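Trainee: First the structure, then my questions, so here it is.
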Protein chains: 2
Amino acid sequence: MENFVFQNGTKILFGKDEEHQTGIETAAYGKNVLLHFGGGSIKKSGLYDTVVASLKEQDANIVELGGVKPNPSIDLVREGVSLCREHNIDIILAVGGGSVIDSAKAIGIGAYHDGDAWDFFTGDAQVTDCLPIGVVLTIPAAGSETSGGSVITNEEGEYKRAVGHGTMRPAFAILNPVLTYTLPAYQTACGITDMSSHIFERYFTNEKNVDLTDRLCEATLKTIIQQAPLVLEDPENYAARAEIMWAGTIAHNDSLGVGRSEDWASHDIEHEVSGIYDIAHGAGLAIIFPAWMKYVYKHDVNRFAQFANRVWDVEIDLNDLEKTALEGIRKTEEFFSSIGMPVRLSEIDIDEKHFEEMAKKATDRGPLGGFVKLQDEDVKEIYQLAK
Amino acid sequence: MENFVFQNGTKILFGKDEEHQTGIETAAYGKNVLLHFGGGSIKKSGLYDTVVASLKEQDANIVELGGVKPNPSIDLVREGVSLCREHNIDIILAVGGGSVIDSAKAIGIGAYHDGDAWDFFTGDAQVTDCLPIGVVLTIPAAGSETSGGSVITNEEGEYKRAVGHGTMRPAFAILNPVLTYTLPAYQTACGITDMSSHIFERYFTNEKNVDLTDRLCEATLKTIIQQAPLVLEDPENYAARAEIMWAGTIAHNDSLGVGRSEDWASHDIEHEVSGIYDIAHGAGLAIIFPAWMKYVYKHDVNRFAQFANRVWDVEIDLNDLEKTALEGIRKTEEFFSSIGMPVRLSEIDIDEKHFEEMAKKATDRGPLGGFVKLQDEDVKEIYQLAK
């Protein structure tokens, strides 16, 4: 186990009706609230009204900024930064999924920076502080509700980049599984894929003595695999929605990655796909992850065999560990397919036209991956395997 | 899953040499440090010198209070409270195991209370605030390094009582597995029993839909069971010491208990034993827990069968789930015995003389337990089963 520092102080309020606490939680940080959200879905569902009423009960001054889209854009972040300065914002309240939360975090750091907020994503500026972020989560997927990371897209140049810092972890996050009842099946499945990927990215490590975190990863994955068909079958199954929602947070609160190197190559490889083509991040991951696994499993057949055995209940064939490993990868792909995800680029009409360009962009800040180092040539091979 | 609020912001610094960070971490809270510890072991090991040097590097003003004993006493807490007032203490640094940390927390809340610190433990005063607590952990067991709880003994009356509050969670905790190399086998095993018990207490719940936390509990228990013989066989096995140390924290950082009722009866039942007889808490638990399991398992045979199967790899006998359940209890007892713990009161020369008195004291603030409610009669039966 490697040395590590771990701290995640986000206050979680989990369960039915907890969104009524929004005003009280927000008030602890000040009166001036930037209410940040996406499209019209929170207005249609009534969540917008509940949140605004809760804020007004605490006499909050609300400044609104809606319009966050999937793959949130730096342009809206810039608008948010201006609003924060103009209205002396004390806390940014993100009501939505990972895109809204990521956008809020980027605004939160931008508010402390004299230059352009994109500077953080190019590495030209370093994060030192962030406005407090509150969250009312509507999509269990990205885990951004307790993470210190943010992924933003610069449409000019089609770049998608990540930044992370401890100060960017939300101050509080409200998770009511009932708010996820209206999520369409496809979006639910994208979320399930995203959270599974967050665990894979921590699981495939070169560190040998990480037994507890291995088992915690496996426990979370097994839960996701077991509960996924239940939420898809009955979107109003509270128990299953709750398991999935909590799993999404656990998957990305950093507790599953302590003491080990991680491998975020697949996320980066996918980001180039959803950066160019307007597909959901989760759907992209369902395609890229099995391809990545097929490309790298020989690097540590034992670990892939353990994955197959402990996560997918594949019996270990001691005479053919490679077969065991491959069966785990096959089951991963089969699972994504069973919940309605594409598992090949061709299924979503992406051909090899941009493979070279995407591979170059993905690696333009150096080789990817902590488990296996990947150059642009390797990334291109992975796109080929995902065809 | 029940609604819950979860927040644990303790900063963990884990790994080799991390104790050299003590001064820097402490300095964030102020110059005046109450250095709290137990007997001479930290002086013998050199840890005392390292910590003092690290504090002095940051120009800390150190006030010392050593002498914490197992089952820490309210008398020393009172002394600590006086020192905090006299020296205007900014942070209490606990260097040691659960007893030292618990004592530090009791001092930390006492410093904010005009009356006697014991008032918190009788319920006559409510915790509102606590001085910041820093920890350098030497014994993985109690999980007090990130918990908000403290257990203190009032020798006058032989009472052992617990208090908990969010403000009592340590600000930071330094965990270096190397510092546990010198722990004697018996104390190592007591710690392993204590952390296992913390998981049992959360695992046996009446809440039905808690699949993820069930699996996280099982993952942590499996790790403890697997690593325990390794640390006992080779006390300087860094990897195994690290797994056990981290498991002790995970077991009691409250993440394994979210969304479910817990059952702390066994801890309370044991507290009366170690309150009267001077035995280690862990050894007491190795005796009481199997007896408690035998007394309550019929309340939910399925849960005990799941425990047997997922934690102890007992094959499920669908024609005789009770047999499966009992085999899990037998394996639990066998495990404690295998690591050198007593599993009967008679092994440590305790007879039934005080059973009635202990049972009455354990329940004097009402019946015990969230899984099965226990009156004094039931507690007496459990002492009988533990004879």
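Lettering and numbering for the structure tokens are positional, with chains as A, B, ... in the shown order, residues counted from 1 in each chain, and ligands counted from 1 in the shown order.
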For Met245 of chain B, find every residue with an atom within 9 Å (counting only C-alpha atoms), except residues of its own chain fewer than 4 positions away, and show them as a compact mmCIF listing (two decimals) with C-alpha atoms, in the first residue's frame.

Mentor:
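And here's part07.txt as it stands now:
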```txt
# COMPACT_ATOMS: atom_id res chain seq x y z
CA ILE B 139 -3.10 0.80 18.18
CA PRO B 140 -5.54 -0.12 15.40
CA ALA B 141 -8.65 -1.15 17.30
CA LEU B 175 -1.69 6.32 10.74
CA ASN B 176 1.71 4.75 10.24
CA PRO B 177 1.52 0.94 10.25
CA THR B 180 2.18 -0.95 15.29
CA ALA B 240 -0.68 -6.83 6.55
CA ARG B 241 -0.24 -4.23 9.32
CA THR B 249 -10.59 3.01 10.68
CA ILE B 250 -13.09 1.96 7.99
```

Trainee: Residues of chain A within 6 Å of chain B, counting only C-alpha atoms - could you list those as a PyMOL selection string?

Mentor: chain A and resi 3-9+11-15+209+212+215-216+219+223+239

Trainee: Those same residues - C-alpha atoms - I'd like them written as a compact mmCIF listing (two decimals), in the first residue's frame.

Mentor:
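Contents of selection.txt, as written:
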```
# COMPACT_ATOMS: atom_id res chain seq x y z
CA ASN A 3 1.22 6.33 1.53
CA PHE A 4 -1.86 8.47 1.09
CA VAL A 5 -3.75 11.49 2.34
CA PHE A 6 -7.53 11.18 2.39
CA GLN A 7 -10.09 13.77 3.40
CA ASN A 8 -13.66 14.04 2.25
CA GLY A 9 -15.75 16.27 4.47
CA LYS A 11 -21.94 16.48 4.38
CA ILE A 12 -24.37 13.98 2.85
CA LEU A 13 -28.11 14.26 3.46
CA PHE A 14 -29.58 11.09 2.03
CA GLY A 15 -33.19 10.02 1.62
CA ASN A 209 -1.03 -4.99 -1.27
CA LEU A 212 -9.20 -4.01 1.62
CA ARG A 215 -12.70 -5.85 -1.71
CA LEU A 216 -14.51 -2.54 -1.19
CA ALA A 219 -18.50 -4.95 -3.04
CA THR A 223 -24.16 -4.05 -5.71
CA ALA A 239 -34.68 0.51 -2.45
```

Trainee: Among the residues of segment 87-283 of chain B, find those DSSP assigns to strand (DSSP E) from the backbone and print them as a VMD selection string.

Mentor: chain B and resid 91 to 96 133 to 137 149 to 154 159 to 164 172 to 175

Trainee: Can you list every residue in segment 16-126 of chain B that DSSP puts in helix (DSSP H, G or I), as a PyMOL selection string?

Mentor: chain B and resi 18-27+41-45+47-57+74-87+98-110+119-122

Trainee: So what do you get for atom CA of Ala308 of chain A versus atom CA of Met293 of chain A, distance-wise?

Mentor: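 Going from atom CA of Ala308 of chain A over to atom CA of Met293 of chain A covers 11.9 Å.
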
Trainee: If you count only C-alpha atoms, which residues fall within 8 Å of Ala305 of chain B, apart from same-chain ones fewer than 4 positions away, as a list in words?

Mentor: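 The residues satisfying every condition are Val301, Asn309, Ile316, Leu321, Glu322, Thr324, Ala325, Leu326 and Gly328 of chain B.
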
Trainee: Could the residues in this selection be written to a file with N, CA and C atoms, as a compact mmCIF listing (two decimals), in the first residue's frame?

Mentor:
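The result, written out as selection16.txt:
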```
# COMPACT_ATOMS: atom_id res chain seq x y z
N VAL B 301 -32.76 -15.49 11.09
CA VAL B 301 -31.88 -16.59 10.67
C VAL B 301 -31.27 -16.30 9.29
N ASN B 309 -22.36 -17.25 5.08
CA ASN B 309 -21.98 -17.53 3.70
C ASN B 309 -21.00 -16.52 3.14
N ILE B 316 -24.47 -22.35 1.84
CA ILE B 316 -25.85 -22.20 2.34
C ILE B 316 -26.59 -23.53 2.19
N LEU B 321 -31.33 -23.61 7.14
CA LEU B 321 -30.66 -22.30 7.24
C LEU B 321 -30.12 -22.06 8.64
N GLU B 322 -30.81 -22.66 9.62
CA GLU B 322 -30.36 -22.48 11.01
C GLU B 322 -28.97 -23.09 11.19
N THR B 324 -26.75 -23.36 8.86
CA THR B 324 -25.83 -22.43 8.19
C THR B 324 -25.51 -21.26 9.12
N ALA B 325 -26.56 -20.71 9.73
CA ALA B 325 -26.38 -19.58 10.63
C ALA B 325 -25.46 -19.95 11.79
N LEU B 326 -25.73 -21.09 12.39
CA LEU B 326 -24.94 -21.51 13.56
C LEU B 326 -23.48 -21.77 13.19
N GLY B 328 -21.80 -20.14 11.02
CA GLY B 328 -21.16 -18.82 10.96
C GLY B 328 -20.76 -18.34 12.36
```

Trainee: Need to verify the contact set: segment 349-356 of chain B, 12 Å, only C-alpha atoms, exclusion of same-chain residues closer than 5 positions in sequence. Can you return it as an MDAnalysis selection string?

Mentor: chainID B and resid 269:270 272:279 284 287 342:344 361:363 375:387
